[in-house]
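Step one of this worksheet: look at the structure below.
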Amino acid sequence: MRMLIRWAFYTIGIPNLISFVFATGLGVVLSGFIPDSKRGTLLALVDFSSGFLSVFAGVMLARLFGFEPTMLLPMVSGLWLAIHFSPKNRMSEFFLASFGVVVAWLLYNEVTLRG
């Protein structure tokens, strides 16, 4: 049963894992341009980007499998972020990533309503 729960967590978290890869890549690229004194700003940008990109990765995966994204998508993403960050007591990273999820979902809704 424990293994089933672990695999369900990974499956639900696939958009978050994809966004983590892209956000980390963005952080690595930008670390060459941002001085060490601004490293905190870079890490905040990476956390925000991770949440932001998770929504669009989830939307693309949902549409790829024939589903229409609903409000459940950002809720699951936020839950996954909470489960990921809370055992490590990294609440500031959780808040930044969650803010990225909210901004991306609002942007997605705005674009789909107009388009």
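FYI, nothing fancy with the structure tokens labels: chains A, B, ... in order, residues from 1 per chain, ligands from 1 as they appear.
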
Using DSSP assignments from the backbone, pull out every residue in segment 13-91 of chain A that falls under alpha helix (DSSP H) and give it to me as a short mmCIF file (atom, residue, chain, number, x, y, z; two decimals) with C-alpha atoms, in the first residue's frame.
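Result file is result-v1.cif:
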```
data_model
loop_
_atom_site.label_atom_id
_atom_site.label_comp_id
_atom_site.auth_asym_id
_atom_site.auth_seq_id
_atom_site.Cartn_x
_atom_site.Cartn_y
_atom_site.Cartn_z
CA ILE A 14 4.58 14.88 -12.88
CA PRO A 15 3.75 18.50 -13.89
CA ASN A 16 5.60 19.72 -10.81
CA LEU A 17 8.60 17.53 -11.62
CA ILE A 18 8.67 18.79 -15.21
CA SER A 19 8.47 22.39 -14.01
CA PHE A 20 11.22 21.74 -11.47
CA VAL A 21 13.55 20.60 -14.26
CA PHE A 22 12.86 23.72 -16.34
CA ALA A 23 13.03 26.09 -13.37
CA THR A 24 16.32 24.56 -12.24
CA GLY A 25 17.68 24.94 -15.77
CA LEU A 26 16.60 28.57 -15.74
CA GLY A 27 18.36 29.03 -12.41
CA VAL A 28 21.56 27.47 -13.72
CA VAL A 29 21.53 29.68 -16.83
CA LEU A 30 20.79 32.85 -14.85
CA SER A 31 23.37 32.06 -12.15
CA ARG A 39 21.54 34.70 -4.97
CA GLY A 40 18.43 34.92 -2.76
CA THR A 41 16.58 36.75 -5.52
CA LEU A 42 17.59 34.06 -7.99
CA LEU A 43 16.33 31.30 -5.72
CA ALA A 44 13.03 33.14 -5.22
CA LEU A 45 12.68 33.45 -9.00
CA VAL A 46 13.35 29.73 -9.41
CA ASP A 47 10.70 28.84 -6.79
CA PHE A 48 8.13 31.13 -8.42
CA SER A 49 8.97 29.77 -11.88
CA SER A 50 8.60 26.21 -10.64
CA GLY A 51 5.02 26.85 -9.52
CA PHE A 52 4.23 28.93 -12.59
CA LEU A 53 5.51 26.32 -15.03
CA SER A 54 3.77 23.46 -13.21
CA VAL A 55 0.38 24.82 -14.25
CA PHE A 56 1.31 25.01 -17.91
CA ALA A 57 2.96 21.57 -17.81
CA GLY A 58 -0.24 20.23 -16.24
CA VAL A 59 -2.43 21.93 -18.84
CA MET A 60 -0.36 20.51 -21.68
CA LEU A 61 -0.37 17.01 -20.18
CA ALA A 62 -4.11 17.14 -19.52
CA ARG A 63 -4.85 18.21 -23.08
CA LEU A 64 -2.42 15.59 -24.41
CA LEU A 72 -8.54 20.78 -9.74
CA LEU A 73 -5.20 21.13 -11.55
CA PRO A 74 -3.79 24.06 -9.51
CA MET A 75 -5.28 22.60 -6.33
CA VAL A 76 -3.43 19.32 -6.88
CA SER A 77 -0.28 21.22 -7.75
CA GLY A 78 -0.53 23.24 -4.55
CA LEU A 79 -1.15 20.09 -2.51
CA TRP A 80 1.88 18.44 -4.09
CA LEU A 81 3.99 21.50 -3.23
CA ALA A 82 2.72 21.44 0.35
CA ILE A 83 3.59 17.77 0.74
CA HIS A 84 7.00 18.37 -0.82
CA PHE A 85 8.01 21.46 1.16
CA MET A 91 7.49 27.54 3.97
#
```
